[in-house]
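**Q** Pasting in a structure now, in structure tokens, and then I'll have a few things to ask.
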Amino acid sequence: MTVTRRHLTRDDLAPLARVATGRSLTAAERLRGGTRKGVYRLSLDDGTTVVAYVWSADEDYWDAGPADPRDPFSAGSGPEVFTAAHDRLVAAGVRTPRLLYADTTRDAVVVEDLRGGSLEEALERDPVAGRAALERFADELATLHAQEGPAFGKVGLVDNGGTSSAGSAVERVTEGALRDIERAAVRDTRIAVVRDEVEETVRRLAAAVRPRDRHTLVHGELGADHVLLDDRGRPALIDVEGLMYFDVEWEHVFLRIRLGPHYDALGVPDLDEDRMRLYRLALHLSLVAGPLRLLEGDFPNPEGMREIAEHNLVRVLELVGR
């Protein structure tokens with residue numbers, strides 16, 4: 001089925017720029033990378049720039065429908081979710097682009113534009129400078145993970161007294177992994193062939209995890225591409241809508257997968273290895289099932305998604321001894 005998507009133009013974004021900044025909009029550039037929201041750099045008539053995040057059906061390549069706030073892994077969409085995450089990070093002393101304006105009627109927010117590039121780019125461009133930025137990021141990460149919450153779940157839910165739909169973080173990860181096996185198996189025969197083995201492995205790893213009451217503030221999808229540098233070189237977290245109280249091991253598994261050899265600067269002692277083993281397999285499964293699903297739609301970078309799915313599928317097979 002052909003999907004016609006309409007991205008926003010300068011004329012569309014001019015009223016938002018005016019009310020958010022008091023300035024006239026001279027140009028608007030849609031930035032690459034988003035799968036759930038549109039990200040636009042807005043150039044203003046005084047020579048400055050800001051960034052607009054816009055949530056709409058045209059910007060959401062998942063076409064997932066309404067999000068369930070009680071599910072920690074549901075899509076974090078809209079100004080309310082973003083604002084709750086932004087405010088919690090600011091309260092924790094964690095750098096994130098400054099929120100300038102939120103507009104629920106337009107499903108948009110406007111934030112500070114950080115032009116120092118991403119941590120990912122810094123590591124690729126200059127190993128020495130990149131390492132220094134990585135070490136500053138380690139400090140920011142320690143500040144983030146020093147924060148705890150009374151329960152697990154999205155910050156906007158938990159901080160307002162709500163409870164998540166799953167019984168525990170491990171239970172939610174296990175349920176998600178089993179669903180991802182089912183979704184991946186119908187899209188790739190290699191998963192279908194080993195489906196029973198993978199399901200058995202997930203259940204065995206989950207059974208080994210002991211209960212825990214500690215719930216740490218985590219970003220949830222933290223890779224080097226989700227860290228920007230400000231003009232002083234300080235790292236700032238972006239794409240923060242998934243911010244939640246969860247097991248810190250989830251964050252570290254994600255970081256280890258995404259940063260590869262650079263992860264050594266971020267490792268910490270006393271992580272629960274049973275959780276790490278379960279979450280590692282679950283994340284690889286998610287990074288197979290999700291991209292394979294996107295490939296069935298009109299996502300504009302299919303080769304990149306195909307590479308992600310293939311790399312993680314190989315890792316799943318390795319983890320179950322295939």
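Following the order of the structure tokens, first chain is A, next is B, and so on, with residues numbered from 1 inside each chain and ligands from 1 in the order they appear.
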Find the residues near Thr201 of chain A: any atom within 10 Å, counting only C-alpha atoms, skip ones fewer than 4 places away on the same chain, and give them as number ranges by chain.
**A** A: 195-197, 205-207, 278, 281, 319-320
**Q** Emit the selected residues as an mmCIF file, in the first residue's frame, including N, CA, C and O atoms.
**A**
data_model
loop_
_atom_site.group_PDB
_atom_site.id
_atom_site.type_symbol
_atom_site.label_atom_id
_atom_site.label_comp_id
_atom_site.auth_asym_id
_atom_site.auth_seq_id
_atom_site.Cartn_x
_atom_site.Cartn_y
_atom_site.Cartn_z
ATOM 1 N N ARG A 195 12.581 -20.850 16.717
ATOM 2 C CA ARG A 195 11.639 -20.142 17.595
ATOM 3 C C ARG A 195 11.503 -20.809 18.962
ATOM 4 O O ARG A 195 11.567 -20.124 19.990
ATOM 5 N N ASP A 196 11.317 -22.117 19.003
ATOM 6 C CA ASP A 196 11.136 -22.798 20.288
ATOM 7 C C ASP A 196 12.365 -22.644 21.172
ATOM 8 O O ASP A 196 12.253 -22.429 22.387
ATOM 9 N N GLU A 197 13.551 -22.735 20.581
ATOM 10 C CA GLU A 197 14.788 -22.596 21.352
ATOM 11 C C GLU A 197 14.919 -21.191 21.925
ATOM 12 O O GLU A 197 15.335 -21.009 23.077
ATOM 13 N N LEU A 205 16.226 -17.548 31.130
ATOM 14 C CA LEU A 205 16.954 -16.377 31.628
ATOM 15 C C LEU A 205 16.090 -15.551 32.579
ATOM 16 O O LEU A 205 16.582 -15.029 33.586
ATOM 17 N N ALA A 206 14.805 -15.421 32.256
ATOM 18 C CA ALA A 206 13.908 -14.649 33.124
ATOM 19 C C ALA A 206 13.744 -15.319 34.484
ATOM 20 O O ALA A 206 13.693 -14.639 35.526
ATOM 21 N N ALA A 207 13.687 -16.640 34.494
ATOM 22 C CA ALA A 207 13.494 -17.366 35.753
ATOM 23 C C ALA A 207 14.687 -17.210 36.690
ATOM 24 O O ALA A 207 14.552 -17.359 37.918
ATOM 25 N N LEU A 278 19.408 -11.583 30.272
ATOM 26 C CA LEU A 278 18.041 -11.533 29.748
ATOM 27 C C LEU A 278 17.840 -10.307 28.871
ATOM 28 O O LEU A 278 17.294 -10.398 27.760
ATOM 29 N N LEU A 281 19.533 -10.411 25.294
ATOM 30 C CA LEU A 281 18.790 -11.173 24.294
ATOM 31 C C LEU A 281 17.509 -10.438 23.903
ATOM 32 O O LEU A 281 17.161 -10.361 22.718
ATOM 33 N N LEU A 319 23.477 -16.110 20.550
ATOM 34 C CA LEU A 319 23.138 -16.214 21.966
ATOM 35 C C LEU A 319 22.382 -17.487 22.301
ATOM 36 O O LEU A 319 22.344 -17.915 23.460
ATOM 37 N N VAL A 320 21.751 -18.119 21.311
ATOM 38 C CA VAL A 320 21.069 -19.405 21.560
ATOM 39 C C VAL A 320 21.878 -20.567 21.008
ATOM 40 O O VAL A 320 21.377 -21.685 20.873
#
**Q** Give me, as a count of residues only, all polymer residues having an atom no more than 7 Å from Leu31 of chain A, counting only C-alpha atoms and skipping those fewer than 5 positions away in the same chain.
**A** 3
**Q** Pick out the residues sitting within 9 Å of His215 of chain A, and hand them over as a list of chain:residue names; count only C-alpha atoms, and ignore anything fewer than 6 positions along from it in its own chain.
**A**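 Within the cut-off, the hits are A:Gln147, A:Glu148, A:Gly149, A:Pro150, A:Ala151, A:Phe152, A:Gly153, A:Ala169, A:Met244, A:Tyr245, A:Phe246, A:Asp247, A:Val248.
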**Q** At a cut-off of 12 Å, can you tabulate as JSON lines every residue of segment 49-89 of chain A near segment 94-97 of chain A together with its closest atom pair and the distance in Å to one decimal, using only C-alpha atoms and ordering rows by chain then number?
**A**
{"residue": "A:Val50", "atom": "CA", "partner": "A:Pro97", "partner_atom": "CA", "distance": 10.0}
{"residue": "A:Val51", "atom": "CA", "partner": "A:Pro97", "partner_atom": "CA", "distance": 9.3}
{"residue": "A:Ala52", "atom": "CA", "partner": "A:Pro97", "partner_atom": "CA", "distance": 11.3}
{"residue": "A:Tyr53", "atom": "CA", "partner": "A:Pro97", "partner_atom": "CA", "distance": 11.8}
{"residue": "A:Phe82", "atom": "CA", "partner": "A:Thr96", "partner_atom": "CA", "distance": 11.4}
{"residue": "A:Thr83", "atom": "CA", "partner": "A:Thr96", "partner_atom": "CA", "distance": 11.5}
{"residue": "A:Ala85", "atom": "CA", "partner": "A:Thr96", "partner_atom": "CA", "distance": 9.9}
{"residue": "A:His86", "atom": "CA", "partner": "A:Thr96", "partner_atom": "CA", "distance": 7.2}
{"residue": "A:Asp87", "atom": "CA", "partner": "A:Thr96", "partner_atom": "CA", "distance": 9.6}
{"residue": "A:Arg88", "atom": "CA", "partner": "A:Val94", "partner_atom": "CA", "distance": 8.7}
{"residue": "A:Leu89", "atom": "CA", "partner": "A:Val94", "partner_atom": "CA", "distance": 5.1}
**Q** Limited to all heavy atoms, could you put the picked residues into a file as a compact mmCIF listing (two decimals), in the first residue's frame?
**A**
# COMPACT_ATOMS: atom_id res chain seq x y z
N VAL A 50 16.43 27.43 16.25
CA VAL A 50 15.85 26.59 17.29
C VAL A 50 15.41 25.30 16.60
O VAL A 50 15.46 25.18 15.37
CB VAL A 50 14.65 27.26 17.99
CG1 VAL A 50 15.10 28.48 18.79
CG2 VAL A 50 13.57 27.66 16.97
N VAL A 51 14.99 24.34 17.39
CA VAL A 51 14.53 23.06 16.84
C VAL A 51 13.10 22.81 17.28
O VAL A 51 12.75 23.01 18.46
CB VAL A 51 15.44 21.91 17.29
CG1 VAL A 51 14.83 20.55 16.95
CG2 VAL A 51 16.82 22.04 16.63
N ALA A 52 12.27 22.37 16.33
CA ALA A 52 10.88 22.02 16.62
C ALA A 52 10.71 20.51 16.52
O ALA A 52 11.20 19.89 15.57
CB ALA A 52 9.93 22.72 15.66
N TYR A 53 10.02 19.93 17.51
CA TYR A 53 9.60 18.54 17.44
C TYR A 53 8.10 18.55 17.18
O TYR A 53 7.34 19.23 17.90
CB TYR A 53 9.86 17.80 18.75
CG TYR A 53 11.32 17.69 19.14
CD1 TYR A 53 11.66 17.61 20.50
CD2 TYR A 53 12.34 17.65 18.19
CE1 TYR A 53 12.99 17.49 20.88
CE2 TYR A 53 13.66 17.53 18.58
CZ TYR A 53 13.99 17.45 19.92
OH TYR A 53 15.30 17.33 20.30
N PHE A 82 6.84 14.58 26.44
CA PHE A 82 8.15 15.23 26.30
C PHE A 82 8.42 16.16 27.48
O PHE A 82 9.51 16.14 28.07
CB PHE A 82 8.23 16.01 25.00
CG PHE A 82 9.54 16.73 24.83
CD1 PHE A 82 10.62 16.11 24.24
CD2 PHE A 82 9.70 18.03 25.30
CE1 PHE A 82 11.84 16.76 24.12
CE2 PHE A 82 10.92 18.69 25.17
CZ PHE A 82 11.99 18.05 24.59
N THR A 83 7.45 16.97 27.83
CA THR A 83 7.63 17.95 28.91
C THR A 83 7.90 17.26 30.25
O THR A 83 8.76 17.72 31.02
CB THR A 83 6.40 18.86 29.01
OG1 THR A 83 6.23 19.54 27.77
CG2 THR A 83 6.57 19.89 30.12
N ALA A 85 9.34 14.38 30.71
CA ALA A 85 10.70 13.86 30.67
C ALA A 85 11.72 14.99 30.79
O ALA A 85 12.69 14.90 31.55
CB ALA A 85 10.92 13.07 29.38
N HIS A 86 11.50 16.07 30.05
CA HIS A 86 12.41 17.21 30.10
C HIS A 86 12.52 17.75 31.53
O HIS A 86 13.62 17.99 32.04
CB HIS A 86 11.91 18.31 29.15
CG HIS A 86 12.64 19.61 29.29
ND1 HIS A 86 12.30 20.55 30.24
CD2 HIS A 86 13.69 20.14 28.60
CE1 HIS A 86 13.11 21.58 30.14
NE2 HIS A 86 13.96 21.37 29.15
N ASP A 87 11.39 17.96 32.17
CA ASP A 87 11.39 18.56 33.50
C ASP A 87 12.06 17.65 34.52
O ASP A 87 12.73 18.12 35.45
CB ASP A 87 9.97 18.88 33.93
CG ASP A 87 9.34 20.00 33.11
OD1 ASP A 87 10.07 20.65 32.33
OD2 ASP A 87 8.12 20.23 33.24
N ARG A 88 11.88 16.33 34.36
CA ARG A 88 12.53 15.39 35.30
C ARG A 88 14.04 15.41 35.13
O ARG A 88 14.79 15.36 36.11
CB ARG A 88 11.99 13.98 35.08
CG ARG A 88 12.54 12.95 36.09
CD ARG A 88 12.09 13.29 37.49
NE ARG A 88 12.64 12.40 38.50
CZ ARG A 88 13.82 12.58 39.11
NH1 ARG A 88 14.57 13.64 38.80
NH2 ARG A 88 14.23 11.74 40.03
N LEU A 89 14.52 15.51 33.89
CA LEU A 89 15.96 15.59 33.66
C LEU A 89 16.54 16.89 34.23
O LEU A 89 17.61 16.87 34.85
CB LEU A 89 16.25 15.50 32.16
CG LEU A 89 16.03 14.12 31.52
CD1 LEU A 89 16.18 14.22 30.00
CD2 LEU A 89 17.01 13.10 32.08
**Q** Measuring between only C-alpha atoms, which one of A:Ala91, A:Asp270, A:Glu120, A:Glu182 shows the shortest distance to Val194 of chain A?
**A**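 Under the stated criterion, the closest residue is A:Glu182.
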**Q** Could you give me the residues within segment 67-228 of chain A that DSSP places in strand (DSSP E or B), as JSON, numbers by chain?
**A** {"A": [99, 100, 101, 102, 103, 108, 109, 110, 111, 112, 118, 148, 149, 153, 154, 215, 216, 217, 218, 227, 228]}
**Q** Excluding Asp180 of chain A and residues on its chain fewer than 6 positions from it, collect all residues at most 7 Å away from it, counting only C-alpha atoms, and give them as a list in words.
**A**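 Near neighbours after the sequence-gap exclusion: Leu285, Ser286 and Ala289 of chain A.
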**Q** Only N, CA and C atoms, please: the residues just picked out, written as an mmCIF file, in the first residue's frame.
**A**
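Output below, filename part-v3.cif:
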data_model
loop_
_atom_site.group_PDB
_atom_site.id
_atom_site.type_symbol
_atom_site.label_atom_id
_atom_site.label_comp_id
_atom_site.auth_asym_id
_atom_site.auth_seq_id
_atom_site.Cartn_x
_atom_site.Cartn_y
_atom_site.Cartn_z
ATOM 1 N N LEU A 285 16.436 -9.063 20.151
ATOM 2 C CA LEU A 285 15.166 -9.465 19.531
ATOM 3 C C LEU A 285 14.347 -8.252 19.112
ATOM 4 N N SER A 286 14.311 -7.233 19.970
ATOM 5 C CA SER A 286 13.586 -6.007 19.627
ATOM 6 C C SER A 286 14.178 -5.335 18.400
ATOM 7 N N ALA A 289 12.848 -7.471 15.371
ATOM 8 C CA ALA A 289 11.415 -7.366 15.084
ATOM 9 C C ALA A 289 11.016 -5.959 14.659
#
**Q** Skipping near chain neighbours, those fewer than 4 positions away, what residues fall within 10 Å of Val19 of chain A using only C-alpha atoms, listed as a ChimeraX atom specification?
**A** /A:14-15,23-24,101,103
**Q** Those residues you just picked out, can you put them in a file as an mmCIF file, in the first residue's frame with C-alpha atoms?
**A**
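selection02.cif, freshly written:
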data_model
loop_
_atom_site.group_PDB
_atom_site.id
_atom_site.type_symbol
_atom_site.label_atom_id
_atom_site.label_comp_id
_atom_site.auth_asym_id
_atom_site.auth_seq_id
_atom_site.Cartn_x
_atom_site.Cartn_y
_atom_site.Cartn_z
ATOM 1 C CA ALA A 14 5.961 29.993 10.721
ATOM 2 C CA PRO A 15 3.098 30.419 13.264
ATOM 3 C CA ARG A 23 10.652 36.037 15.621
ATOM 4 C CA SER A 24 9.858 35.501 11.932
ATOM 5 C CA TYR A 101 7.786 26.393 24.192
ATOM 6 C CA ASP A 103 1.994 23.676 22.255
#
**Q** One decimal, in Å: what's the spacing between atom CA of Val316 of chain A and atom CA of Gly76 of chain A?
**A** 26.6 Å
